[in-house]
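Enquirer: Got a structure for you, query-v5.pdb, holding PDB, C-alpha atoms and all ligand atoms.
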```
ATOM      1  CA  MET A   1     -11.084  13.108  -0.372
ATOM      2  CA  GLN A   2     -10.166  15.652  -3.098
ATOM      3  CA  ALA A   3      -6.427  16.317  -2.873
ATOM      4  CA  ALA A   4      -5.191  18.338  -5.857
ATOM      5  CA  ASN A   5      -1.848  16.633  -6.524
ATOM      6  CA  VAL A   6      -1.717  12.915  -5.814
ATOM      7  CA  LEU A   7       1.038  10.343  -6.441
ATOM      8  CA  ILE A   8       0.274   6.609  -6.234
ATOM      9  CA  THR A   9       2.629   3.642  -6.689
ATOM     10  CA  GLY A  10       1.260   0.323  -7.913
ATOM     11  CA  ALA A  11      -1.641   2.136  -9.585
ATOM     12  CA  SER A  12      -2.120  -0.369 -12.420
ATOM     13  CA  SER A  13      -4.112  -2.963 -10.505
ATOM     14  CA  GLY A  14      -6.270  -3.777  -7.492
ATOM     15  CA  LEU A  15      -6.317  -1.268  -4.665
ATOM     16  CA  GLY A  16      -3.918   1.181  -6.342
ATOM     17  CA  ALA A  17      -6.088   1.391  -9.467
ATOM     18  CA  ALA A  18      -9.214   1.876  -7.346
ATOM     19  CA  LEU A  19      -7.484   4.636  -5.353
ATOM     20  CA  ALA A  20      -6.487   6.408  -8.585
ATOM     21  CA  ARG A  21     -10.036   6.262  -9.967
ATOM     22  CA  GLU A  22     -11.493   7.434  -6.642
ATOM     23  CA  CYS A  23      -9.090  10.410  -6.463
ATOM     24  CA  ALA A  24      -9.677  11.412 -10.113
ATOM     25  CA  GLY A  25     -11.735  14.494 -10.909
ATOM     26  CA  PRO A  26     -11.515  17.952 -12.485
ATOM     27  CA  GLY A  27      -8.564  19.952 -11.151
ATOM     28  CA  VAL A  28      -6.776  16.849  -9.852
ATOM     29  CA  VAL A  29      -3.255  16.003 -11.064
ATOM     30  CA  LEU A  30      -2.398  12.314 -10.730
ATOM     31  CA  HIS A  31       1.103  10.836 -10.895
ATOM     32  CA  LEU A  32       0.731   7.078 -11.312
ATOM     33  CA  SER A  33       3.354   4.341 -11.459
ATOM     34  CA  ALA A  34       3.794   0.601 -11.892
ATOM     35  CA  ARG A  35       6.365  -1.476 -13.730
ATOM     36  CA  GLU A  36       4.156  -2.599 -16.593
ATOM     37  CA  ALA A  37       2.783   0.177 -18.833
ATOM     38  CA  SER A  38      -0.235  -1.374 -20.549
ATOM     39  CA  ARG A  39      -2.394  -1.925 -17.454
ATOM     40  CA  LEU A  40      -1.347   1.474 -16.107
ATOM     41  CA  ASN A  41      -2.433   3.196 -19.324
ATOM     42  CA  GLY A  42      -5.922   1.732 -18.959
ATOM     43  CA  VAL A  43      -6.272   3.138 -15.437
ATOM     44  CA  ALA A  44      -4.903   6.496 -16.626
ATOM     45  CA  ALA A  45      -7.558   6.631 -19.373
ATOM     46  CA  ASP A  46     -10.321   6.033 -16.795
ATOM     47  CA  CYS A  47      -8.947   8.849 -14.623
ATOM     48  CA  ARG A  48      -8.679  11.258 -17.577
ATOM     49  CA  ALA A  49     -12.309  10.470 -18.447
ATOM     50  CA  LYS A  50     -13.210  11.707 -14.949
ATOM     51  CA  GLY A  51     -11.441  15.019 -15.649
ATOM     52  CA  ALA A  52      -8.042  14.473 -14.048
ATOM     53  CA  THR A  53      -4.671  15.344 -15.545
ATOM     54  CA  VAL A  54      -2.637  12.129 -15.444
ATOM     55  CA  HIS A  55       1.096  11.478 -15.715
ATOM     56  CA  THR A  56       2.262   7.863 -15.834
ATOM     57  CA  VAL A  57       5.690   6.384 -15.375
ATOM     58  CA  GLY A  58       7.080   2.849 -15.485
ATOM     59  CA  VAL A  59       9.352   2.580 -12.467
ATOM     60  CA  ASP A  60      10.235  -0.189 -10.044
ATOM     61  CA  VAL A  61       9.815   0.889  -6.414
ATOM     62  CA  ARG A  62      13.012  -1.017  -5.604
ATOM     63  CA  ASP A  63      15.026   1.428  -7.743
ATOM     64  CA  GLU A  64      16.008   4.116  -5.227
ATOM     65  CA  ALA A  65      17.531   6.576  -7.729
ATOM     66  CA  ALA A  66      14.668   6.318 -10.222
ATOM     67  CA  MET A  67      12.063   6.779  -7.469
ATOM     68  CA  ALA A  68      13.891   9.812  -6.054
ATOM     69  CA  GLY A  69      14.105  11.355  -9.515
ATOM     70  CA  TRP A  70      10.423  10.758 -10.273
ATOM     71  CA  ILE A  71       9.072  11.980  -6.928
ATOM     72  CA  GLY A  72      11.500  14.890  -6.647
ATOM     73  CA  GLY A  73      10.525  16.098 -10.123
ATOM     74  CA  ALA A  74       6.758  15.732  -9.788
ATOM     75  CA  GLY A  75       6.090  19.266  -8.551
ATOM     76  CA  ARG A  76       3.720  19.946  -5.643
ATOM     77  CA  LEU A  77       2.412  16.783  -3.954
ATOM     78  CA  ASP A  78      -0.534  16.955  -1.535
ATOM     79  CA  LEU A  79      -0.968  13.205  -1.092
ATOM     80  CA  VAL A  80       1.496  10.376  -1.783
ATOM     81  CA  ILE A  81       0.229   6.790  -1.465
ATOM     82  CA  ALA A  82       2.931   4.099  -1.156
ATOM     83  CA  ASN A  83       0.728   1.267  -2.330
ATOM     84  CA  ALA A  84       2.886  -1.025  -4.497
ATOM     85  CA  GLY A  85       3.396  -4.371  -2.813
ATOM     86  CA  ILE A  86       3.649  -8.090  -3.439
ATOM     87  CA  GLY A  87       2.674 -11.206  -1.526
ATOM     88  CA  ALA A  88       4.292 -14.595  -1.048
ATOM     89  CA  GLY A  89       3.664 -17.583   1.146
ATOM     90  CA  THR A  90       4.477 -21.114   2.116
ATOM     91  CA  GLY A  91       2.427 -22.959  -0.498
ATOM     92  CA  ASP A  92       5.454 -25.084  -1.457
ATOM     93  CA  GLY A  93       5.916 -26.093   2.180
ATOM     94  CA  TRP A  94       8.188 -23.175   3.066
ATOM     95  CA  GLU A  95       8.893 -19.620   2.002
ATOM     96  CA  SER A  96      11.689 -19.540  -0.593
ATOM     97  CA  ALA A  97      14.771 -17.395  -0.022
ATOM     98  CA  GLU A  98      13.986 -15.529  -3.239
ATOM     99  CA  ASP A  99      10.424 -14.761  -2.136
ATOM    100  CA  ALA A 100      11.503 -13.590   1.317
ATOM    101  CA  ARG A 101      14.041 -11.143  -0.139
ATOM    102  CA  ARG A 102      11.721  -9.899  -2.883
ATOM    103  CA  VAL A 103       8.911  -9.218  -0.415
ATOM    104  CA  PHE A 104      11.156  -7.130   1.846
ATOM    105  CA  GLU A 105      12.748  -5.289  -1.085
ATOM    106  CA  THR A 106       9.339  -4.340  -2.510
ATOM    107  CA  ASN A 107       7.187  -3.912   0.598
ATOM    108  CA  VAL A 108       9.769  -2.279   2.884
ATOM    109  CA  THR A 109      12.577  -0.786   0.771
ATOM    110  CA  GLY A 110      10.031   0.165  -1.903
ATOM    111  CA  VAL A 111       7.968   2.040   0.696
ATOM    112  CA  LEU A 112      11.053   3.891   1.956
ATOM    113  CA  ASN A 113      12.005   4.700  -1.661
ATOM    114  CA  THR A 114       8.562   6.336  -1.964
ATOM    115  CA  ALA A 115       8.061   7.959   1.424
ATOM    116  CA  LEU A 116      11.551   9.382   2.032
ATOM    117  CA  PRO A 117      11.774  11.483  -1.179
ATOM    118  CA  ALA A 118       8.138  12.478  -0.627
ATOM    119  CA  ILE A 119       8.957  13.767   2.865
ATOM    120  CA  ALA A 120      11.976  15.652   1.489
ATOM    121  CA  ALA A 121       9.885  17.253  -1.267
ATOM    122  CA  MET A 122       6.986  18.135   1.032
ATOM    123  CA  ALA A 123       9.295  19.729   3.597
ATOM    124  CA  GLU A 124      10.293  22.272   0.912
ATOM    125  CA  GLN A 125       6.763  23.164  -0.209
ATOM    126  CA  PRO A 126       4.442  25.700   1.479
ATOM    127  CA  PRO A 127       1.377  24.542   3.429
ATOM    128  CA  GLY A 128      -1.807  24.059   1.428
ATOM    129  CA  ALA A 129      -5.356  25.178   2.205
ATOM    130  CA  ASP A 130      -5.626  22.540   4.961
ATOM    131  CA  GLY A 131      -2.535  23.947   6.692
ATOM    132  CA  LEU A 132      -0.454  20.888   5.825
ATOM    133  CA  ARG A 133       2.566  20.621   3.548
ATOM    134  CA  GLY A 134       1.351  17.158   2.540
ATOM    135  CA  ARG A 135       0.184  13.688   3.537
ATOM    136  CA  ILE A 136       1.818  10.302   2.973
ATOM    137  CA  ALA A 137      -0.242   7.126   3.225
ATOM    138  CA  VAL A 138       1.546   3.789   3.436
ATOM    139  CA  ILE A 139      -0.488   0.724   2.539
ATOM    140  CA  ALA A 140       0.358  -1.872   5.201
ATOM    141  CA  SER A 141      -2.188  -4.571   6.110
ATOM    142  CA  VAL A 142      -4.161  -6.161   8.949
ATOM    143  CA  ALA A 143      -1.461  -8.834   8.471
ATOM    144  CA  ALA A 144       0.842  -6.413  10.338
ATOM    145  CA  PHE A 145      -0.839  -7.382  13.613
ATOM    146  CA  VAL A 146      -0.344 -11.136  13.604
ATOM    147  CA  ALA A 147       2.750 -13.182  12.672
ATOM    148  CA  ALA A 148       1.033 -15.651  10.333
ATOM    149  CA  PRO A 149       3.205 -18.750   9.660
ATOM    150  CA  SER A 150       1.679 -19.002   6.159
ATOM    151  CA  ALA A 151       3.326 -15.746   5.009
ATOM    152  CA  PRO A 152       6.317 -14.918   7.243
ATOM    153  CA  ALA A 153       7.981 -12.209   5.136
ATOM    154  CA  TYR A 154       4.715 -10.600   4.071
ATOM    155  CA  GLY A 155       3.438 -10.150   7.651
ATOM    156  CA  ALA A 156       6.828  -8.927   8.863
ATOM    157  CA  SER A 157       7.163  -6.468   5.962
ATOM    158  CA  LYS A 158       3.739  -5.014   6.718
ATOM    159  CA  ALA A 159       4.480  -4.788  10.461
ATOM    160  CA  ALA A 160       7.703  -2.928   9.656
ATOM    161  CA  VAL A 161       6.082  -0.275   7.486
ATOM    162  CA  GLN A 162       3.039   0.100   9.776
ATOM    163  CA  ARG A 163       5.292   0.785  12.775
ATOM    164  CA  TRP A 164       7.696   3.010  10.857
ATOM    165  CA  THR A 165       4.840   5.094   9.462
ATOM    166  CA  GLU A 166       3.074   5.589  12.784
ATOM    167  CA  ALA A 167       6.284   6.459  14.633
ATOM    168  CA  ARG A 168       7.564   8.806  11.915
ATOM    169  CA  ASP A 169       4.276  10.744  11.949
ATOM    170  CA  ALA A 170       5.043  11.981  15.465
ATOM    171  CA  THR A 171       7.980  14.090  14.270
ATOM    172  CA  GLU A 172       6.813  14.898  10.752
ATOM    173  CA  ARG A 173       3.525  16.408  11.943
ATOM    174  CA  LYS A 174       5.570  19.090  13.751
ATOM    175  CA  ARG A 175       6.660  20.412  10.360
ATOM    176  CA  GLY A 176       3.256  20.035   8.744
ATOM    177  CA  ILE A 177       3.552  16.593   7.143
ATOM    178  CA  ARG A 178       1.192  13.801   8.180
ATOM    179  CA  LEU A 179       1.747  10.071   7.734
ATOM    180  CA  HIS A 180      -1.014   7.457   7.756
ATOM    181  CA  ALA A 181      -0.619   3.681   8.148
ATOM    182  CA  VAL A 182      -3.393   2.068   6.122
ATOM    183  CA  CYS A 183      -4.183  -1.506   7.180
ATOM    184  CA  PRO A 184      -6.781  -3.177   4.956
ATOM    185  CA  GLY A 185      -8.194  -6.633   5.521
ATOM    186  CA  PHE A 186      -8.820  -8.946   2.558
ATOM    187  CA  VAL A 187      -9.434  -7.068  -0.693
ATOM    188  CA  HIS A 188     -10.592  -8.770  -3.896
ATOM    189  CA  THR A 189      -7.591  -8.103  -6.196
ATOM    190  CA  PRO A 190      -5.160 -10.139  -8.321
ATOM    191  CA  MET A 191      -3.030 -10.510  -5.181
ATOM    192  CA  THR A 192      -5.739 -12.487  -3.386
ATOM    193  CA  ALA A 193      -7.161 -14.200  -6.501
ATOM    194  CA  SER A 194      -5.023 -17.311  -6.010
ATOM    195  CA  ASN A 195      -5.908 -17.721  -2.312
ATOM    196  CA  ASP A 196      -7.845 -20.939  -1.925
ATOM    197  CA  PHE A 197      -8.713 -20.460   1.742
ATOM    198  CA  PRO A 198     -11.622 -18.532   3.295
ATOM    199  CA  MET A 199     -11.040 -14.761   3.421
ATOM    200  CA  PRO A 200     -13.377 -13.325   6.071
ATOM    201  CA  PHE A 201     -15.032  -9.988   5.232
ATOM    202  CA  LEU A 202     -13.451  -9.880   1.736
ATOM    203  CA  MET A 203     -14.286  -6.523   0.145
ATOM    204  CA  GLU A 204     -14.114  -4.992  -3.319
ATOM    205  CA  PRO A 205     -11.207  -2.608  -4.049
ATOM    206  CA  GLU A 206     -13.580   0.314  -4.663
ATOM    207  CA  ARG A 207     -14.898   0.071  -1.093
ATOM    208  CA  ALA A 208     -11.354  -0.311   0.275
ATOM    209  CA  ALA A 209     -10.289   2.793  -1.664
ATOM    210  CA  ARG A 210     -13.185   4.846  -0.269
ATOM    211  CA  LEU A 211     -12.452   3.701   3.308
ATOM    212  CA  THR A 212      -8.748   4.495   2.825
ATOM    213  CA  LEU A 213      -9.345   8.019   1.537
ATOM    214  CA  ALA A 214     -12.023   8.736   4.169
ATOM    215  CA  GLY A 215      -9.634   7.668   6.939
ATOM    216  CA  ILE A 216      -6.836   9.845   5.547
ATOM    217  CA  ALA A 217      -9.206  12.833   5.190
ATOM    218  CA  ALA A 218     -10.314  12.321   8.818
ATOM    219  CA  GLY A 219      -6.639  12.554   9.846
ATOM    220  CA  ARG A 220      -6.473   9.064  11.340
ATOM    221  CA  LEU A 221      -2.928   7.862  12.060
ATOM    222  CA  ARG A 222      -3.968   4.215  11.629
ATOM    223  CA  VAL A 223      -6.628   3.575   9.009
ATOM    224  CA  VAL A 224      -7.710  -0.023   9.592
ATOM    225  CA  TYR A 225     -10.686  -1.943   8.210
ATOM    226  CA  PRO A 226     -12.813  -4.003   8.500
ATOM    227  CA  TRP A 227     -12.905  -3.693  12.293
ATOM    228  CA  ARG A 228     -14.066  -7.283  12.860
ATOM    229  CA  LEU A 229     -10.994  -8.750  11.108
ATOM    230  CA  TYR A 230      -8.783  -6.260  12.961
ATOM    231  CA  ALA A 231     -10.295  -7.382  16.289
ATOM    232  CA  MET A 232      -9.666 -11.034  15.375
ATOM    233  CA  ALA A 233      -6.056 -10.259  14.398
ATOM    234  CA  ARG A 234      -5.408  -8.390  17.647
ATOM    235  CA  LEU A 235      -6.882 -11.258  19.679
ATOM    236  CA  VAL A 236      -4.848 -13.952  17.918
ATOM    237  CA  GLY A 237      -1.788 -11.694  17.932
ATOM    238  CA  ALA A 238      -2.048 -11.388  21.730
ATOM    239  CA  LEU A 239      -1.774 -15.175  22.254
ATOM    240  CA  PRO A 240       1.539 -16.612  23.473
ATOM    241  CA  PRO A 241       3.656 -17.117  20.299
ATOM    242  CA  GLY A 242       3.670 -20.919  20.494
ATOM    243  CA  TRP A 243      -0.145 -21.084  20.837
ATOM    244  CA  ARG A 244      -0.524 -18.599  17.995
ATOM    245  CA  ASN A 245       1.685 -20.643  15.668
ATOM    246  CA  TRP A 246      -0.184 -23.842  16.632
ATOM    247  CA  LEU A 247      -3.583 -22.216  15.965
ATOM    248  CA  LEU A 248      -2.596 -20.516  12.698
ATOM    249  CA  GLY A 249      -0.605 -23.573  11.612
ATOM    250  CA  MET A 250      -3.961 -25.302  11.094
ATOM    251  CA  ALA A 251      -4.876 -22.774   8.383
ATOM    252  CA  PRO A 252      -4.234 -23.776   4.753
ATOM    253  CA  PRO A 253      -0.926 -22.446   3.329
ATOM    254  CA  LYS A 254      -0.828 -19.309   1.228
ATOM    255  CA  ARG A 255       0.434 -19.960  -2.300
ATOM    256  CA  SER A 256       4.077 -19.050  -2.679
ATOM    257  CA  GLY A 257       5.451 -16.537  -5.137
ATOM    258  CA  THR A 258       3.793 -13.756  -7.065
ATOM    259  CA  PRO A 259       3.253 -13.399 -10.792
ATOM    260  CA  SER A 260       5.713 -10.530 -11.141
ATOM    261  CA  ALA A 261       9.464 -10.496 -10.656
TER     262      ALA A 261
HETATM  263  N1  LIG A 301      -5.425  -7.550  -1.611
HETATM  264  C1  LIG A 301      -5.458  -7.574  -0.299
HETATM  265  O1  LIG A 301      -6.212  -8.365   0.329
HETATM  266  C2  LIG A 301      -4.582  -6.635   0.490
HETATM  267  C3  LIG A 301      -4.821  -6.540   1.886
HETATM  268  C4  LIG A 301      -4.036  -5.688   2.630
HETATM  269  C5  LIG A 301      -3.041  -4.934   2.021
HETATM  270  N2  LIG A 301      -2.830  -5.056   0.671
HETATM  271  C6  LIG A 301      -1.770  -4.257   0.088
HETATM  272  O2  LIG A 301      -2.320  -3.398  -0.884
HETATM  273  C7  LIG A 301      -1.312  -3.089  -1.853
HETATM  274  C8  LIG A 301      -1.886  -3.321  -3.245
HETATM  275  O3  LIG A 301      -2.167  -4.727  -3.355
HETATM  276  P1  LIG A 301      -3.232  -5.310  -4.392
HETATM  277  O4  LIG A 301      -3.995  -6.348  -3.651
HETATM  278  O5  LIG A 301      -3.948  -4.210  -5.066
HETATM  279  O6  LIG A 301      -2.232  -6.073  -5.358
HETATM  280  P2  LIG A 301      -2.124  -6.148  -6.971
HETATM  281  O7  LIG A 301      -3.484  -6.108  -7.582
HETATM  282  O8  LIG A 301      -1.236  -7.309  -7.230
HETATM  283  O9  LIG A 301      -1.378  -4.775  -7.340
HETATM  284  C9  LIG A 301      -0.042  -4.546  -6.990
HETATM  285  C10 LIG A 301       0.436  -3.300  -7.706
HETATM  286  O10 LIG A 301       1.783  -3.039  -7.319
HETATM  287  C11 LIG A 301       2.598  -2.938  -8.497
HETATM  288  N3  LIG A 301       3.937  -3.429  -8.180
HETATM  289  C12 LIG A 301       4.296  -4.649  -7.702
HETATM  290  N4  LIG A 301       5.613  -4.720  -7.550
HETATM  291  C13 LIG A 301       6.123  -3.522  -7.930
HETATM  292  C14 LIG A 301       7.426  -2.977  -8.020
HETATM  293  N5  LIG A 301       8.513  -3.684  -7.667
HETATM  294  N6  LIG A 301       7.567  -1.698  -8.468
HETATM  295  C15 LIG A 301       6.489  -0.979  -8.821
HETATM  296  N7  LIG A 301       5.224  -1.420  -8.762
HETATM  297  C16 LIG A 301       5.051  -2.691  -8.335
HETATM  298  C17 LIG A 301       1.874  -3.775  -9.555
HETATM  299  O11 LIG A 301       2.151  -3.363 -10.889
HETATM  300  P3  LIG A 301       3.347  -4.007 -11.785
HETATM  301  O12 LIG A 301       3.324  -5.489 -11.536
HETATM  302  O13 LIG A 301       3.031  -3.610 -13.193
HETATM  303  O14 LIG A 301       4.589  -3.346 -11.306
HETATM  304  C18 LIG A 301       0.423  -3.425  -9.228
HETATM  305  O15 LIG A 301       0.076  -2.179  -9.783
HETATM  306  C19 LIG A 301      -0.105  -3.954  -1.525
HETATM  307  O16 LIG A 301       0.844  -3.218  -0.784
HETATM  308  C20 LIG A 301      -0.702  -5.048  -0.659
HETATM  309  O17 LIG A 301       0.241  -5.650   0.191
HETATM  310  C21 LIG A 301      -3.574  -5.880  -0.111
END
```
Do you think you could lay out the structure here as structure tokens?
Expert:
Amino acid sequence: MQAANVLITGASSGLGAALARECAGPGVVLHLSAREASRLNGVAADCRAKGATVHTVGVDVRDEAAMAGWIGGAGRLDLVIANAGIGAGTGDGWESAEDARRVFETNVTGVLNTALPAIAAMAEQPPGADGLRGRIAVIASVAAFVAAPSAPAYGASKAAVQRWTEARDATERKRGIRLHAVCPGFVHTPMTASNDFPMPFLMEPERAARLTLAGIAAGRLRVVYPWRLYAMARLVGALPPGWRNWLLGMAPPKRSGTPSA
């Protein structure tokens, strides 16, 4: 997909970095963010080498005012990808209060802090060549479809943004803005590097980025891959809750906490 003006949060690592590199090309303007500048600068250099104009900013997605200022001042935006997210789990035996709050603040409030100013900005801009004012992709997860006891806040945060995105698209498309809920399976990134349990159909971030952008370009409301993991999640998710918790309770715990605050 070759959108001209693209904004991506969490672009310094993993899927966000792969999305930035995949979008980069001559005539493309990229607005990239993360909290930590050094890794982001490396991704920006790769994108500039592919011919893109790149603007970077160090901003925390949890900072509502800073996000509104950055997104509102970015100029025309054809595609905004709310990608920044963190994981946490029950590796210590339970999910800590700190982890539960941090996951919701980043994965839910952080997505709203990205998508809401993007919607406001897009509503004021004229339609582009594709007839749309803009597209917003929210990176949820296949984890949205099953309440996994090993990562309670993570699964719930992804379910929240997947449902919000799909429902909000119904009204936004009437004014020329499309929303896409992107639900990847396991992707080989720093987030999954500490997982010491089997990750079926694990894929490289470059492939996940291509599948994400192809799904958005095809106009799919829910972009979900790989389909075999999705089918498994839907099956397990359809079990009575007690059976589901018993079955998934046999899985090894996901390590708690994330490297970043
Ligand atoms: N890996 C998977 O298997 C998988 C599967 C499904 C969905 N996802 C989702 O894909 C997205 C990217 O994950 P990933 O696997 O690529 O993880 P990652 O390699 O850990 O990258 C996370 C990115 O988000 C940024 N970030 C984290 N907290 C932030 C904050 N408060 N403010 C601004 N930026 C922040 C990080 O940069 P800084 O630390 O410098 O801020 C980094 O650029 C997440 O939403 C994740 O839930 C991942």
Enquirer: Give, as lines of an AutoDock Vina configuration file, the centre coordinates and the x, y and z edge lengths in Å to one decimal for an axis-aligned box around all listed atoms of ligand LIG 301 (chain A), padded by 8 Å on each side.
Expert:
```
center_x = 1.2
center_y = -4.7
center_z = -5.3
size_x = 30.7
size_y = 23.4
size_z = 31.8
```
Enquirer: Taking only residues of chain A that have an atom at most 7 Å from an atom of ligand LIG 301 (chain A), what is each one's shortest atom pair and its distance in Å to one decimal, using only C-alpha atoms and all ligand atoms, in chain and number order, as CSV?
Expert:
```
residue,atom,partner,partner_atom,distance
A:Thr9,CA,A:LIG301,N7,6.1
A:Gly10,CA,A:LIG301,O15,3.3
A:Ala11,CA,A:LIG301,O15,4.6
A:Ser12,CA,A:LIG301,O15,3.9
A:Ser13,CA,A:LIG301,O15,4.3
A:Gly14,CA,A:LIG301,O5,3.4
A:Leu15,CA,A:LIG301,O5,3.8
A:Gly16,CA,A:LIG301,O5,5.5
A:Ser33,CA,A:LIG301,N7,6.6
A:Ala34,CA,A:LIG301,N7,4.0
A:Arg35,CA,A:LIG301,O14,3.5
A:Glu36,CA,A:LIG301,O13,3.7
A:Ala37,CA,A:LIG301,O13,6.8
A:Val59,CA,A:LIG301,C15,5.8
A:Asp60,CA,A:LIG301,N6,3.4
A:Val61,CA,A:LIG301,N6,4.0
A:Arg62,CA,A:LIG301,N5,5.6
A:Asn83,CA,A:LIG301,O16,4.7
A:Ala84,CA,A:LIG301,O10,3.6
A:Gly85,CA,A:LIG301,O16,3.5
A:Ile86,CA,A:LIG301,C12,5.5
A:Gly87,CA,A:LIG301,O17,6.3
A:Thr106,CA,A:LIG301,N5,5.3
A:Asn107,CA,A:LIG301,O16,6.5
A:Ile139,CA,A:LIG301,O16,5.3
A:Ala140,CA,A:LIG301,C5,5.6
A:Ser141,CA,A:LIG301,C4,4.1
A:Val142,CA,A:LIG301,C4,6.3
A:Cys183,CA,A:LIG301,C4,6.2
A:Pro184,CA,A:LIG301,C4,4.4
A:Gly185,CA,A:LIG301,C3,5.0
A:Phe186,CA,A:LIG301,O1,3.5
A:Val187,CA,A:LIG301,O1,3.6
A:His188,CA,A:LIG301,N1,5.8
A:Thr189,CA,A:LIG301,O4,4.7
A:Pro190,CA,A:LIG301,O7,4.4
A:Met191,CA,A:LIG301,O8,4.2
A:Thr192,CA,A:LIG301,N1,5.3
A:Ser260,CA,A:LIG301,O12,5.6
```
Enquirer: Store the residues of this selection in a file with C-alpha atoms, as a PDB file, in the coordinates of the input.
Expert:
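To be explicit, this is the file written out as selection_12.pdb:
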```
ATOM      1  CA  THR A   9       2.629   3.642  -6.689  1.00  0.00           C
ATOM      2  CA  GLY A  10       1.260   0.323  -7.913  1.00  0.00           C
ATOM      3  CA  ALA A  11      -1.641   2.136  -9.585  1.00  0.00           C
ATOM      4  CA  SER A  12      -2.120  -0.369 -12.420  1.00  0.00           C
ATOM      5  CA  SER A  13      -4.112  -2.963 -10.505  1.00  0.00           C
ATOM      6  CA  GLY A  14      -6.270  -3.777  -7.492  1.00  0.00           C
ATOM      7  CA  LEU A  15      -6.317  -1.268  -4.665  1.00  0.00           C
ATOM      8  CA  GLY A  16      -3.918   1.181  -6.342  1.00  0.00           C
ATOM      9  CA  SER A  33       3.354   4.341 -11.459  1.00  0.00           C
ATOM     10  CA  ALA A  34       3.794   0.601 -11.892  1.00  0.00           C
ATOM     11  CA  ARG A  35       6.365  -1.476 -13.730  1.00  0.00           C
ATOM     12  CA  GLU A  36       4.156  -2.599 -16.593  1.00  0.00           C
ATOM     13  CA  ALA A  37       2.783   0.177 -18.833  1.00  0.00           C
ATOM     14  CA  VAL A  59       9.352   2.580 -12.467  1.00  0.00           C
ATOM     15  CA  ASP A  60      10.235  -0.189 -10.044  1.00  0.00           C
ATOM     16  CA  VAL A  61       9.815   0.889  -6.414  1.00  0.00           C
ATOM     17  CA  ARG A  62      13.012  -1.017  -5.604  1.00  0.00           C
ATOM     18  CA  ASN A  83       0.728   1.267  -2.330  1.00  0.00           C
ATOM     19  CA  ALA A  84       2.886  -1.025  -4.497  1.00  0.00           C
ATOM     20  CA  GLY A  85       3.396  -4.371  -2.813  1.00  0.00           C
ATOM     21  CA  ILE A  86       3.649  -8.090  -3.439  1.00  0.00           C
ATOM     22  CA  GLY A  87       2.674 -11.206  -1.526  1.00  0.00           C
ATOM     23  CA  THR A 106       9.339  -4.340  -2.510  1.00  0.00           C
ATOM     24  CA  ASN A 107       7.187  -3.912   0.598  1.00  0.00           C
ATOM     25  CA  ILE A 139      -0.488   0.724   2.539  1.00  0.00           C
ATOM     26  CA  ALA A 140       0.358  -1.872   5.201  1.00  0.00           C
ATOM     27  CA  SER A 141      -2.188  -4.571   6.110  1.00  0.00           C
ATOM     28  CA  VAL A 142      -4.161  -6.161   8.949  1.00  0.00           C
ATOM     29  CA  CYS A 183      -4.183  -1.506   7.180  1.00  0.00           C
ATOM     30  CA  PRO A 184      -6.781  -3.177   4.956  1.00  0.00           C
ATOM     31  CA  GLY A 185      -8.194  -6.633   5.521  1.00  0.00           C
ATOM     32  CA  PHE A 186      -8.820  -8.946   2.558  1.00  0.00           C
ATOM     33  CA  VAL A 187      -9.434  -7.068  -0.693  1.00  0.00           C
ATOM     34  CA  HIS A 188     -10.592  -8.770  -3.896  1.00  0.00           C
ATOM     35  CA  THR A 189      -7.591  -8.103  -6.196  1.00  0.00           C
ATOM     36  CA  PRO A 190      -5.160 -10.139  -8.321  1.00  0.00           C
ATOM     37  CA  MET A 191      -3.030 -10.510  -5.181  1.00  0.00           C
ATOM     38  CA  THR A 192      -5.739 -12.487  -3.386  1.00  0.00           C
ATOM     39  CA  SER A 260       5.713 -10.530 -11.141  1.00  0.00           C
TER      40      SER A 260
END
```
Enquirer: May I ask which of the residues A:Ala3, A:Leu132, A:Ala44, A:Ala74 is the closest one to Gly176 of chain A, counting only C-alpha atoms?
Expert: A:Leu132
Enquirer: Can you translate the PyMOL selection byres (((chain A and resi 234) around 12) and not hetatm) into the concrete residues it hits in this file, as a ChimeraX atom specification?
Expert: /A:142-147,224,227-233,235-239,244
Enquirer: Please dump the current selection as a JSON list (two decimals), in the coordinates of the input; keep C-alpha atoms.
Expert:
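See out06.json below for the written result:
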```json
[["chain", "number", "residue", "atom", "x", "y", "z"],
["A", 142, "VAL", "CA", -4.16, -6.16, 8.95],
["A", 143, "ALA", "CA", -1.46, -8.83, 8.47],
["A", 144, "ALA", "CA", 0.84, -6.41, 10.34],
["A", 145, "PHE", "CA", -0.84, -7.38, 13.61],
["A", 146, "VAL", "CA", -0.34, -11.14, 13.60],
["A", 147, "ALA", "CA", 2.75, -13.18, 12.67],
["A", 224, "VAL", "CA", -7.71, -0.02, 9.59],
["A", 227, "TRP", "CA", -12.90, -3.69, 12.29],
["A", 228, "ARG", "CA", -14.07, -7.28, 12.86],
["A", 229, "LEU", "CA", -10.99, -8.75, 11.11],
["A", 230, "TYR", "CA", -8.78, -6.26, 12.96],
["A", 231, "ALA", "CA", -10.30, -7.38, 16.29],
["A", 232, "MET", "CA", -9.67, -11.03, 15.38],
["A", 233, "ALA", "CA", -6.06, -10.26, 14.40],
["A", 235, "LEU", "CA", -6.88, -11.26, 19.68],
["A", 236, "VAL", "CA", -4.85, -13.95, 17.92],
["A", 237, "GLY", "CA", -1.79, -11.69, 17.93],
["A", 238, "ALA", "CA", -2.05, -11.39, 21.73],
["A", 239, "LEU", "CA", -1.77, -15.18, 22.25],
["A", 244, "ARG", "CA", -0.52, -18.60, 18.00]]
```
Enquirer: Need the shell around segment 114-123 of chain A: protein/DNA/RNA residues with any atom at most 6 Å away, counting all atoms listed in the file. Skip same-chain ones fewer than 4 positions apart. Format as a list in words?
Expert: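 Using all atoms listed in the file, the neighbours found are Ala68, Arg133 and Gly134 of chain A.
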